[in-house]
>>> print(open('upload10.txt').read())   # compact mmCIF, C-alpha atoms
# COMPACT_ATOMS: atom_id res chain seq x y z
CA MET P 1 -35.54 -66.16 -182.89
CA LYS P 2 -32.14 -64.54 -182.51
CA VAL P 3 -31.10 -62.57 -179.45
CA PRO P 4 -29.72 -59.20 -180.64
CA LYS P 5 -25.88 -59.23 -180.72
CA PRO P 6 -25.39 -56.21 -178.42
CA ILE P 7 -27.42 -58.05 -175.78
CA LEU P 8 -25.53 -61.32 -176.23
CA ARG P 9 -22.22 -59.48 -175.94
CA LEU P 10 -23.15 -57.91 -172.59
CA ILE P 11 -24.55 -61.21 -171.28
CA GLU P 12 -21.21 -62.85 -172.15
CA SER P 13 -19.27 -60.10 -170.37
CA PHE P 14 -21.32 -60.57 -167.20
CA GLU P 15 -20.98 -64.36 -167.36
CA ARG P 16 -17.22 -64.05 -167.03
CA LEU P 17 -17.59 -62.57 -163.54
CA PRO P 18 -17.37 -64.91 -160.53
CA GLY P 19 -20.70 -66.09 -159.11
CA ILE P 20 -22.69 -64.81 -162.09
CA GLY P 21 -24.34 -67.58 -164.10
CA PRO P 22 -26.20 -67.35 -167.42
CA LYS P 23 -29.56 -66.53 -165.79
CA THR P 24 -28.19 -63.72 -163.63
CA ALA P 25 -26.20 -62.35 -166.58
CA GLN P 26 -29.43 -62.21 -168.61
CA ARG P 27 -31.32 -60.55 -165.79
CA LEU P 28 -28.63 -57.90 -165.28
CA THR P 29 -28.40 -57.18 -169.01
CA PHE P 30 -32.14 -56.72 -169.44
CA HIS P 31 -32.25 -54.58 -166.34
CA LEU P 32 -29.57 -52.31 -167.82
CA LEU P 33 -31.78 -51.79 -170.89
CA HIS P 34 -33.89 -49.54 -168.65
CA PHE P 35 -30.87 -47.41 -167.64
CA PRO P 36 -30.36 -44.04 -169.32
CA GLN P 37 -27.48 -44.08 -171.81
CA GLU P 38 -25.43 -41.70 -169.63
CA ASP P 39 -25.53 -44.16 -166.72
CA LEU P 40 -24.32 -46.93 -169.01
CA GLN P 41 -21.54 -44.61 -170.17
CA ARG P 42 -20.56 -43.87 -166.56
CA PHE P 43 -20.48 -47.60 -165.75
CA ALA P 44 -18.33 -48.19 -168.84
CA ASP P 45 -15.96 -45.38 -167.89
CA SER P 46 -15.52 -46.79 -164.41
CA LEU P 47 -14.61 -50.18 -165.91
CA VAL P 48 -12.00 -48.68 -168.23
CA GLY P 49 -10.68 -46.42 -165.47
CA LEU P 50 -10.40 -49.23 -162.92
CA LYS P 51 -6.87 -50.20 -163.86
CA THR P 52 -5.68 -47.07 -165.65
CA GLY P 53 -6.53 -45.02 -162.53
CA THR P 54 -4.87 -47.35 -160.02
CA LYS P 55 -1.45 -48.87 -159.43
CA LEU P 56 0.09 -51.25 -156.92
CA CYS P 57 1.86 -49.58 -153.99
CA SER P 58 5.59 -50.15 -154.53
CA ILE P 59 6.02 -51.15 -150.87
CA CYS P 60 3.00 -53.25 -149.86
CA LYS P 61 1.54 -54.08 -153.32
CA ASN P 62 -1.94 -52.99 -152.26
CA VAL P 63 -4.08 -51.23 -154.86
CA SER P 64 -3.53 -47.49 -154.61
CA GLU P 65 -3.96 -44.25 -156.49
CA THR P 66 -0.39 -43.21 -155.69
CA ASP P 67 3.03 -44.88 -155.99
CA ILE P 68 3.14 -45.38 -152.24
CA CYS P 69 -0.24 -46.07 -150.66
CA SER P 70 -1.84 -44.06 -147.86
CA VAL P 71 -1.01 -46.75 -145.27
CA CYS P 72 2.69 -47.07 -146.18
CA SER P 73 3.13 -43.29 -146.30
CA ASP P 74 1.47 -42.81 -142.88
CA SER P 75 4.26 -42.19 -140.34
CA LYS P 76 1.94 -43.13 -137.44
CA ARG P 77 1.82 -46.76 -138.57
CA ASP P 78 4.34 -49.30 -137.37
CA GLU P 79 6.32 -50.32 -140.44
CA ARG P 80 7.92 -53.17 -138.49
CA GLN P 81 4.62 -54.99 -137.95
CA ILE P 82 3.61 -56.43 -141.29
CA ILE P 83 0.46 -58.49 -141.85
CA VAL P 84 0.69 -60.66 -144.94
CA VAL P 85 -2.70 -61.01 -146.68
CA SER P 86 -3.89 -62.63 -149.88
CA ASN P 87 -5.74 -59.76 -151.50
CA PRO P 88 -6.77 -56.10 -151.23
CA LEU P 89 -10.24 -56.98 -149.88
CA ASP P 90 -8.54 -58.47 -146.81
CA VAL P 91 -6.84 -55.11 -146.24
CA PHE P 92 -10.20 -53.33 -146.18
CA ALA P 93 -11.55 -55.88 -143.69
CA ILE P 94 -8.53 -55.58 -141.38
CA GLU P 95 -8.50 -51.76 -141.57
CA LYS P 96 -11.87 -51.80 -139.76
CA THR P 97 -10.17 -53.33 -136.68
CA ASN P 98 -7.90 -50.29 -136.13
CA PHE P 99 -4.81 -52.37 -136.93
CA SER P 100 -1.79 -50.07 -136.55
CA GLY P 101 0.82 -52.01 -138.54
CA VAL P 102 1.25 -52.21 -142.30
CA TYR P 103 0.30 -54.71 -144.99
CA HIS P 104 1.86 -56.95 -147.57
CA VAL P 105 -0.57 -58.08 -150.25
CA LEU P 106 0.38 -61.35 -151.97
CA HIS P 107 -2.39 -61.14 -154.62
CA GLY P 108 -3.37 -64.78 -154.30
CA THR P 109 -2.61 -67.96 -152.38
CA ILE P 110 -0.43 -70.89 -153.29
CA ASP P 111 -2.79 -73.24 -155.12
CA PRO P 112 -1.02 -75.94 -157.17
CA LEU P 113 -4.31 -77.29 -158.58
CA ASN P 114 -4.90 -73.92 -160.25
CA HIS P 115 -1.23 -73.52 -161.25
CA VAL P 116 -0.50 -70.79 -158.72
CA GLY P 117 2.97 -71.30 -157.25
CA PRO P 118 4.97 -69.02 -154.91
CA GLU P 119 6.51 -67.27 -157.97
CA GLU P 120 3.09 -65.96 -159.02
CA LEU P 121 2.67 -64.17 -155.68
CA PHE P 122 4.48 -61.11 -154.29
CA ILE P 123 6.64 -63.26 -151.99
CA LYS P 124 10.07 -62.25 -153.26
CA GLU P 125 8.95 -58.64 -152.76
CA LEU P 126 8.35 -59.53 -149.10
CA LYS P 127 11.92 -60.89 -148.85
CA GLN P 128 13.26 -57.69 -150.39
CA ARG P 129 11.13 -55.60 -148.02
CA LEU P 130 12.59 -57.39 -144.98
CA GLU P 131 16.14 -56.87 -146.30
CA ASP P 132 15.43 -53.15 -146.72
CA LEU P 133 13.97 -52.90 -143.21
CA PHE P 134 17.06 -54.53 -141.69
CA THR P 135 19.45 -52.24 -143.55
CA GLN P 136 17.59 -49.31 -141.95
CA SER P 137 17.58 -50.74 -138.44
CA SER P 138 18.25 -54.03 -136.68
CA LYS P 139 15.10 -53.84 -134.51
CA PRO P 140 12.95 -56.98 -134.74
CA VAL P 141 10.10 -57.21 -137.24
CA GLU P 142 6.78 -59.02 -136.70
CA ILE P 143 5.28 -60.87 -139.63
CA ILE P 144 1.61 -61.71 -138.99
CA LEU P 145 0.44 -64.42 -141.37
CA GLY P 146 -3.05 -63.17 -142.24
CA THR P 147 -3.97 -65.53 -145.06
CA ASN P 148 -7.33 -67.33 -145.01
CA THR P 149 -7.78 -70.33 -142.74
CA SER P 150 -8.58 -72.49 -145.78
CA LEU P 151 -6.25 -75.25 -146.99
CA GLU P 152 -4.61 -72.91 -149.52
CA GLY P 153 -4.32 -70.11 -146.97
CA GLU P 154 -2.69 -72.43 -144.43
CA SER P 155 -0.19 -73.77 -146.99
CA THR P 156 0.72 -70.25 -148.05
CA ALA P 157 1.24 -69.26 -144.41
CA MET P 158 3.37 -72.32 -143.80
CA TYR P 159 5.41 -71.72 -146.99
CA ILE P 160 6.23 -68.13 -146.00
CA SER P 161 7.03 -69.10 -142.42
CA ARG P 162 9.49 -71.78 -143.56
CA LEU P 163 11.00 -69.52 -146.19
CA LEU P 164 11.77 -66.79 -143.66
CA ARG P 165 13.37 -69.26 -141.25
CA ASP P 166 15.37 -70.78 -144.13
CA LEU P 167 16.61 -67.30 -145.01
CA GLY P 168 18.19 -67.19 -141.55
CA TYR P 169 15.75 -64.81 -139.89
CA ASN P 170 15.60 -66.33 -136.41
CA GLU P 171 13.02 -65.50 -133.74
CA ASP P 172 15.11 -62.63 -132.38
CA LYS P 173 14.98 -60.89 -135.73
CA VAL P 174 11.62 -61.85 -137.24
CA VAL P 175 8.73 -62.84 -134.98
CA ILE P 176 6.29 -64.87 -137.07
CA THR P 177 2.69 -65.07 -135.82
CA ARG P 178 -0.53 -66.47 -137.27
CA ILE P 179 -3.99 -64.96 -136.78
CA ALA P 180 -5.96 -66.97 -134.20
CA ARG P 181 -8.26 -69.75 -135.27
CA GLY P 182 -11.17 -70.38 -132.94
CA LEU P 183 -14.87 -69.82 -132.47
CA PRO P 184 -16.24 -66.72 -134.20
CA VAL P 185 -17.61 -64.16 -131.73
CA GLY P 186 -21.24 -65.02 -131.02
CA GLY P 187 -20.58 -68.64 -131.97
CA ASP P 188 -22.10 -71.75 -130.39
CA ILE P 189 -19.74 -74.47 -129.17
CA GLU P 190 -22.54 -76.96 -129.87
CA TYR P 191 -22.51 -76.14 -133.58
CA ALA P 192 -18.77 -75.59 -134.09
CA ASP P 193 -17.01 -78.07 -136.37
CA ASP P 194 -14.39 -80.26 -134.68
CA ILE P 195 -11.34 -78.73 -136.39
CA THR P 196 -12.36 -75.22 -135.32
CA LEU P 197 -13.06 -76.44 -131.79
CA LYS P 198 -9.70 -78.25 -131.67
CA ARG P 199 -7.95 -75.02 -132.77
CA ALA P 200 -9.95 -73.00 -130.22
CA LEU P 201 -8.77 -75.30 -127.43
CA GLU P 202 -5.16 -75.29 -128.62
CA GLY P 203 -5.24 -71.50 -128.83
CA ARG P 204 -6.75 -70.96 -125.37
CA ALA P 205 -5.36 -68.01 -123.42
CA ASN P 206 -5.18 -66.94 -119.77
CA TYR P 207 -8.40 -65.32 -118.60
CA MET N 208 -7.14 -45.70 -145.21
CA LYS N 209 -8.90 -44.48 -148.33
CA VAL N 210 -10.17 -46.83 -151.02
CA PRO N 211 -8.87 -45.56 -154.40
CA LYS N 212 -11.54 -43.55 -156.25
CA PRO N 213 -11.52 -45.65 -159.46
CA ILE N 214 -12.33 -48.69 -157.30
CA LEU N 215 -15.09 -46.90 -155.37
CA ARG N 216 -16.64 -45.73 -158.63
CA LEU N 217 -16.87 -49.25 -160.05
CA ILE N 218 -18.20 -50.65 -156.76
CA GLU N 219 -20.94 -48.00 -156.88
CA SER N 220 -21.80 -48.89 -160.47
CA PHE N 221 -22.18 -52.55 -159.58
CA GLU N 222 -24.25 -51.75 -156.49
CA ARG N 223 -26.91 -50.15 -158.69
CA LEU N 224 -27.63 -53.53 -160.31
CA PRO N 225 -30.47 -55.66 -158.92
CA GLY N 226 -29.44 -58.39 -156.49
CA ILE N 227 -25.90 -57.04 -156.11
CA GLY N 228 -25.14 -55.78 -152.61
CA PRO N 229 -22.05 -53.94 -151.33
CA LYS N 230 -20.09 -57.14 -150.64
CA THR N 231 -20.71 -58.65 -154.07
CA ALA N 232 -19.95 -55.31 -155.73
CA GLN N 233 -16.59 -55.25 -153.92
CA ARG N 234 -15.81 -58.82 -154.86
CA LEU N 235 -16.64 -58.24 -158.54
CA THR N 236 -14.58 -55.05 -158.64
CA PHE N 237 -11.49 -56.64 -157.13
CA HIS N 238 -11.88 -59.63 -159.40
CA LEU N 239 -11.89 -57.30 -162.40
CA LEU N 240 -8.54 -55.88 -161.26
CA HIS N 241 -7.04 -59.14 -162.49
CA PHE N 242 -8.59 -58.76 -165.96
CA PRO N 243 -6.41 -57.53 -168.83
CA GLN N 244 -7.23 -53.93 -169.81
CA GLU N 245 -8.54 -55.09 -173.23
CA ASP N 246 -11.16 -57.28 -171.54
CA LEU N 247 -12.29 -54.34 -169.41
CA GLN N 248 -12.49 -52.26 -172.57
CA ARG N 249 -14.60 -54.94 -174.28
CA PHE N 250 -16.94 -55.09 -171.26
CA ALA N 251 -17.21 -51.28 -171.33
CA ASP N 252 -17.93 -51.27 -175.06
CA SER N 253 -20.70 -53.84 -174.65
CA LEU N 254 -22.30 -51.65 -171.96
CA VAL N 255 -22.23 -48.55 -174.15
CA GLY N 256 -23.40 -50.53 -177.19
CA LEU N 257 -26.28 -52.20 -175.35
CA LYS N 258 -28.80 -49.49 -176.14
CA THR N 259 -27.15 -47.78 -179.10
CA GLY N 260 -27.06 -51.11 -180.94
CA THR N 261 -30.64 -52.14 -180.20
CA LYS N 262 -34.12 -50.74 -180.70
CA LEU N 263 -37.66 -51.80 -179.85
CA CYS N 264 -39.50 -53.64 -182.62
CA SER N 265 -42.15 -51.24 -183.91
CA ILE N 266 -44.76 -54.02 -183.88
CA CYS N 267 -44.21 -56.11 -180.74
CA LYS N 268 -41.89 -53.76 -178.72
CA ASN N 269 -39.41 -56.57 -178.11
CA VAL N 270 -35.71 -55.66 -178.12
CA SER N 271 -34.34 -56.09 -181.62
CA GLU N 272 -31.45 -55.11 -183.86
CA THR N 273 -33.84 -54.14 -186.66
CA ASP N 274 -36.96 -51.95 -186.88
CA ILE N 275 -39.13 -55.04 -187.12
CA CYS N 276 -37.87 -58.00 -185.09
CA SER N 277 -37.10 -61.47 -186.47
CA VAL N 278 -40.32 -62.91 -185.01
CA CYS N 279 -42.65 -60.24 -186.42
CA SER N 280 -40.98 -60.40 -189.85
CA ASP N 281 -41.25 -64.23 -189.98
CA SER N 282 -44.15 -65.08 -192.33
CA LYS N 283 -44.43 -68.59 -190.84
CA ARG N 284 -45.61 -67.21 -187.50
CA ASP N 285 -49.29 -66.66 -186.80
CA GLU N 286 -49.67 -62.90 -186.42
CA ARG N 287 -53.23 -63.37 -185.11
CA GLN N 288 -52.10 -65.26 -182.02
CA ILE N 289 -50.46 -62.71 -179.73
CA ILE N 290 -49.03 -63.55 -176.33
CA VAL N 291 -48.76 -60.50 -174.07
CA VAL N 292 -45.70 -60.69 -171.80
CA SER N 293 -44.11 -58.33 -169.30
CA ASN N 294 -40.53 -58.25 -170.56
CA PRO N 295 -38.08 -59.48 -173.22
CA LEU N 296 -36.74 -62.25 -170.95
CA ASP N 297 -40.20 -63.83 -171.03
CA VAL N 298 -39.99 -63.92 -174.83
CA PHE N 299 -36.74 -65.91 -174.68
CA ALA N 300 -38.31 -68.36 -172.24
CA ILE N 301 -41.43 -68.87 -174.37
CA GLU N 302 -39.40 -69.19 -177.60
CA LYS N 303 -37.94 -72.43 -176.18
CA THR N 304 -41.42 -73.99 -176.23
CA ASN N 305 -41.77 -73.71 -180.05
CA PHE N 306 -44.61 -71.22 -179.70
CA SER N 307 -45.74 -70.32 -183.22
CA GLY N 308 -47.60 -67.06 -182.54
CA VAL N 309 -46.14 -63.61 -181.97
CA TYR N 310 -45.44 -61.45 -178.93
CA HIS N 311 -46.41 -58.17 -177.40
CA VAL N 312 -43.95 -56.93 -174.80
CA LEU N 313 -45.43 -54.56 -172.19
CA HIS N 314 -42.05 -53.72 -170.56
CA GLY N 315 -43.38 -54.01 -167.02
CA THR N 316 -46.49 -54.85 -165.04
CA ILE N 317 -49.07 -52.57 -163.46
CA ASP N 318 -47.70 -51.89 -159.99
CA PRO N 319 -49.29 -48.89 -158.25
CA LEU N 320 -46.96 -49.16 -155.24
CA ASN N 321 -44.00 -48.48 -157.54
CA HIS N 322 -45.89 -45.84 -159.54
CA VAL N 323 -46.28 -48.00 -162.65
CA GLY N 324 -49.71 -47.46 -164.18
CA PRO N 325 -51.11 -48.74 -167.51
CA GLU N 326 -49.82 -45.58 -169.27
CA GLU N 327 -46.21 -46.58 -168.48
CA LEU N 328 -46.64 -49.88 -170.33
CA PHE N 329 -47.05 -50.56 -174.06
CA ILE N 330 -50.80 -51.15 -173.68
CA LYS N 331 -52.09 -48.48 -176.06
CA GLU N 332 -49.71 -49.94 -178.66
CA LEU N 333 -51.52 -53.26 -178.20
CA LYS N 334 -54.87 -51.51 -178.83
CA GLN N 335 -53.43 -49.93 -181.99
CA ARG N 336 -52.04 -53.29 -183.09
CA LEU N 337 -55.48 -54.94 -182.80
CA GLU N 338 -57.04 -52.11 -184.79
CA ASP N 339 -54.44 -52.57 -187.53
CA LEU N 340 -55.03 -56.34 -187.59
CA PHE N 341 -58.78 -55.89 -188.01
CA THR N 342 -58.39 -53.39 -190.83
CA GLN N 343 -56.37 -56.08 -192.66
CA SER N 344 -58.84 -58.92 -192.02
CA SER N 345 -61.85 -59.63 -189.84
CA LYS N 346 -60.62 -63.09 -188.78
CA PRO N 347 -60.57 -63.57 -184.98
CA VAL N 348 -57.44 -62.84 -182.96
CA GLU N 349 -56.29 -64.72 -179.88
CA ILE N 350 -54.73 -62.72 -177.05
CA ILE N 351 -52.90 -65.00 -174.62
CA LEU N 352 -52.26 -63.20 -171.33
CA GLY N 353 -48.74 -64.37 -170.52
CA THR N 354 -47.88 -62.11 -167.58
CA ASN N 355 -46.46 -63.60 -164.38
CA THR N 356 -48.80 -65.37 -161.98
CA SER N 357 -47.83 -62.90 -159.24
CA LEU N 358 -50.27 -60.34 -157.86
CA GLU N 359 -49.00 -57.65 -160.27
CA GLY N 360 -49.05 -60.07 -163.21
CA GLU N 361 -52.63 -61.10 -162.46
CA SER N 362 -53.80 -57.48 -162.14
CA THR N 363 -52.12 -56.59 -165.42
CA ALA N 364 -53.79 -59.56 -167.13
CA MET N 365 -57.16 -58.60 -165.69
CA TYR N 366 -56.72 -54.95 -166.69
CA ILE N 367 -55.96 -55.85 -170.32
CA SER N 368 -58.77 -58.38 -170.49
CA ARG N 369 -61.33 -55.81 -169.24
CA LEU N 370 -59.93 -53.09 -171.48
CA LEU N 371 -60.34 -55.23 -174.61
CA ARG N 372 -63.90 -56.16 -173.72
CA ASP N 373 -64.68 -52.50 -172.94
CA LEU N 374 -63.34 -51.57 -176.38
CA GLY N 375 -66.10 -53.75 -177.82
CA TYR N 376 -63.97 -56.71 -178.90
CA ASN N 377 -66.35 -59.55 -178.09
CA GLU N 378 -65.44 -63.24 -177.95
CA ASP N 379 -66.15 -63.73 -181.65
CA LYS N 380 -63.49 -61.17 -182.52
CA VAL N 381 -60.87 -61.45 -179.77
CA VAL N 382 -60.46 -64.70 -177.86
CA ILE N 383 -58.73 -63.88 -174.56
CA THR N 384 -56.92 -66.73 -172.80
CA ARG N 385 -54.64 -66.91 -169.77
CA ILE N 386 -51.67 -69.28 -169.40
CA ALA N 387 -52.59 -72.21 -167.13
CA ARG N 388 -51.83 -72.07 -163.44
CA GLY N 389 -51.24 -75.44 -161.83
CA LEU N 390 -48.58 -77.79 -160.56
CA PRO N 391 -45.19 -77.40 -162.24
CA VAL N 392 -44.14 -80.53 -164.14
CA GLY N 393 -42.37 -82.87 -161.71
CA GLY N 394 -44.22 -81.25 -158.80
CA ASP N 395 -45.50 -82.96 -155.66
CA ILE N 396 -49.16 -82.47 -154.70
CA GLU N 397 -48.11 -82.97 -151.09
CA TYR N 398 -45.88 -79.89 -151.19
CA ALA N 399 -47.98 -77.62 -153.44
CA ASP N 400 -49.35 -74.47 -151.81
CA ASP N 401 -53.15 -74.30 -151.53
CA ILE N 402 -53.69 -71.52 -154.09
CA THR N 403 -51.70 -73.40 -156.74
CA LEU N 404 -53.56 -76.61 -155.94
CA LYS N 405 -56.92 -74.80 -156.11
CA ARG N 406 -55.96 -73.40 -159.54
CA ALA N 407 -54.77 -76.84 -160.68
CA LEU N 408 -58.15 -78.34 -159.77
CA GLU N 409 -60.10 -75.50 -161.39
CA GLY N 410 -58.01 -75.87 -164.54
CA ARG N 411 -58.37 -79.66 -164.80
CA ALA N 412 -58.80 -81.00 -168.34
CA ASN N 413 -60.21 -84.15 -169.95
CA TYR N 414 -57.69 -87.00 -169.90
>>> encode(input="upload10.txt", output="structure tokens")
Amino acid sequence: MKVPKPILRLIESFERLPGIGPKTAQRLTFHLLHFPQEDLQRFADSLVGLKTGTKLCSICKNVSETDICSVCSDSKRDERQIIVVSNPLDVFAIEKTNFSGVYHVLHGTIDPLNHVGPEELFIKELKQRLEDLFTQSSKPVEIILGTNTSLEGESTAMYISRLLRDLGYNEDKVVITRIARGLPVGGDIEYADDITLKRALEGRANY
Amino acid sequence: MKVPKPILRLIESFERLPGIGPKTAQRLTFHLLHFPQEDLQRFADSLVGLKTGTKLCSICKNVSETDICSVCSDSKRDERQIIVVSNPLDVFAIEKTNFSGVYHVLHGTIDPLNHVGPEELFIKELKQRLEDLFTQSSKPVEIILGTNTSLEGESTAMYISRLLRDLGYNEDKVVITRIARGLPVGGDIEYADDITLKRALEGRANY
């Protein structure tokens, strides 16, 4: 028995998404068979419109509807406190903390095993952005390295930190910080892994 | 900070799918931002084409590209052995077992809590199908009740079984069987739940 081609095609489309295996792709496709055609059309339109309706902010490279995103164009935000993150989802997470600085979205992490080098990320745009900031004013800039605490995230943070120092930005000009690594709030010391616990001790603060 | 509308729209579309929560919908949407526009277009086309390119087989109600599906139009299959299943995915699963009969797809199970009664399912089409078969020949027909072994599946099986007997199809005309309930192959008696084990004992066969 042959599976109808329109069904196979949609199953294949779903399978290309991360975390969706053949079984889930099948289940989603057969579920969609019960949707009215207009809902399928709306879903399709939102897929096509995803990239045509958005662009990358020319300053921070976050996804935006306008040339300059709502964060970068907000005069109440501190444009000299820049948190460097790997992707737009990180921006949404950090926005919930009432962070008052601005962002720089790299769109990835350095990951040699998957052929992602520094050139594939928006790192030279970060260099350019710092140059522009210092032509406007000589006040110091803080770069918060807000990449993941995974191996790739740490290497990316380290790469950027070294690059900025190599470019001659000393601590008086560019303060480089890294988000704290420690126990998550509500966490149990008993169950913490040793690397996290080691970092939590190293990062201890006055109380 | 506002999330761009095209992104929100796609997140909402994904959230309507079963088993996809807000976090997964976000992750899928941002992953798709890295897709080339032509791949998004292909995905969109397959969504729109899902229902326009398929129809329900006029005999067994399975999803098909043609008016009569490839199973029902196959003369090598026994049209007098009909397995009644809840949805097209069940057909694909059973096809892997080299089943040589044909199908009848109900497109659901009786589920009063979710307002699905017998009228919402293709049950009257099954009645009609039996009538048609008996006008062609008076040879007996086997109806295998192949609904899930869940509460809803069992009620649906019981409903159909009673309905056929009430219609006057006695055991000489319509043999009604139910797929076996027992230990899955490779299963441990030690870990089987009591209802399954009870069914496995009741369904024991000569060896």
>>> residues_around(input="upload10.txt", residues="His107 of chain P", least_positions_apart="6", cutoff="10 Å", atoms="only C-alpha atoms", output="PyMOL selection string")
(chain P and resi 61-62+85-88+120-123) or (chain N and resi 241)
>>> atom_distance(input="upload10.txt", atom1="atom CA of Ser271 of chain N", atom2="atom CA of Pro4 of chain P")
5.7 Å
>>> atom_distance(input="upload10.txt", atom1="atom CA of Ile290 of chain N", atom2="atom CA of Ala412 of chain N")
21.5 Å
>>> atom_distance(input="upload10.txt", atom1="atom CA of Lys127 of chain P", atom2="atom CA of Ile160 of chain P")
9.6 Å
>>> residues_around(input="upload10.txt", residues="Leu17 of chain P", least_positions_apart="6", cutoff="12 Å", atoms="only C-alpha atoms", output="number ranges by chain")
P: 10-11, 24-25; N: 221, 231-232, 234-242, 246-247, 250
>>> residues_around(input="upload10.txt", residues="Arg411 of chain N", least_positions_apart="3", cutoff="10 Å", atoms="all atoms listed in the file", output="list in words")
Ala387, Gly389, Arg406, Ala407, Leu408 and Tyr414 of chain N
>>> residues_around(input="upload10.txt", residues="His311 of chain N", least_positions_apart="3", cutoff="12 Å", atoms="all atoms listed in the file", output="PyMOL selection string")
chain N and resi 263-270+276+278-279+286-295+297-298+308+314-315+328-337+350-354
>>> write_last_selection(input="upload10.txt", atoms="C-alpha atoms", output="CSV table (one decimal), in the frame of the given file")
chain,number,residue,atom,x,y,z
N,263,LEU,CA,-37.7,-51.8,-179.8
N,264,CYS,CA,-39.5,-53.6,-182.6
N,265,SER,CA,-42.2,-51.2,-183.9
N,266,ILE,CA,-44.8,-54.0,-183.9
N,267,CYS,CA,-44.2,-56.1,-180.7
N,268,LYS,CA,-41.9,-53.8,-178.7
N,269,ASN,CA,-39.4,-56.6,-178.1
N,270,VAL,CA,-35.7,-55.7,-178.1
N,276,CYS,CA,-37.9,-58.0,-185.1
N,278,VAL,CA,-40.3,-62.9,-185.0
N,279,CYS,CA,-42.6,-60.2,-186.4
N,286,GLU,CA,-49.7,-62.9,-186.4
N,287,ARG,CA,-53.2,-63.4,-185.1
N,288,GLN,CA,-52.1,-65.3,-182.0
N,289,ILE,CA,-50.5,-62.7,-179.7
N,290,ILE,CA,-49.0,-63.6,-176.3
N,291,VAL,CA,-48.8,-60.5,-174.1
N,292,VAL,CA,-45.7,-60.7,-171.8
N,293,SER,CA,-44.1,-58.3,-169.3
N,294,ASN,CA,-40.5,-58.2,-170.6
N,295,PRO,CA,-38.1,-59.5,-173.2
N,297,ASP,CA,-40.2,-63.8,-171.0
N,298,VAL,CA,-40.0,-63.9,-174.8
N,308,GLY,CA,-47.6,-67.1,-182.5
N,314,HIS,CA,-42.0,-53.7,-170.6
N,315,GLY,CA,-43.4,-54.0,-167.0
N,328,LEU,CA,-46.6,-49.9,-170.3
N,329,PHE,CA,-47.0,-50.6,-174.1
N,330,ILE,CA,-50.8,-51.2,-173.7
N,331,LYS,CA,-52.1,-48.5,-176.1
N,332,GLU,CA,-49.7,-49.9,-178.7
N,333,LEU,CA,-51.5,-53.3,-178.2
N,334,LYS,CA,-54.9,-51.5,-178.8
N,335,GLN,CA,-53.4,-49.9,-182.0
N,336,ARG,CA,-52.0,-53.3,-183.1
N,337,LEU,CA,-55.5,-54.9,-182.8
N,350,ILE,CA,-54.7,-62.7,-177.0
N,351,ILE,CA,-52.9,-65.0,-174.6
N,352,LEU,CA,-52.3,-63.2,-171.3
N,353,GLY,CA,-48.7,-64.4,-170.5
N,354,THR,CA,-47.9,-62.1,-167.6
>>> axis_aligned_box(input="upload10.txt", around="segment 251-258 of chain N", padding_each_side="3 Å", output="AutoDock Vina command-line options")
--center_x -23.0 --center_y -51.2 --center_z -174.3 --size_x 17.6 --size_y 11.3 --size_z 11.9
>>> closest_residue(input="upload10.txt", among="N:Asp252, N:Glu349, N:Glu222, N:Asp400", to="chain P", atoms="all atoms listed in the file")
N:Asp252
>>> residues_near_point(input="upload10.txt", point="(-56.0, -62.7, -189.1)", cutoff="9 Å", atoms="only C-alpha atoms", output="NGL selection string")
:N and (285-288 or 340-341 or 343-348)
>>> closest_residue(input="upload10.txt", among="N:Ser368, N:Asn377, N:Asn413, N:Thr316", to="Asn355 of chain N", atoms="all atoms listed in the file")
N:Thr316
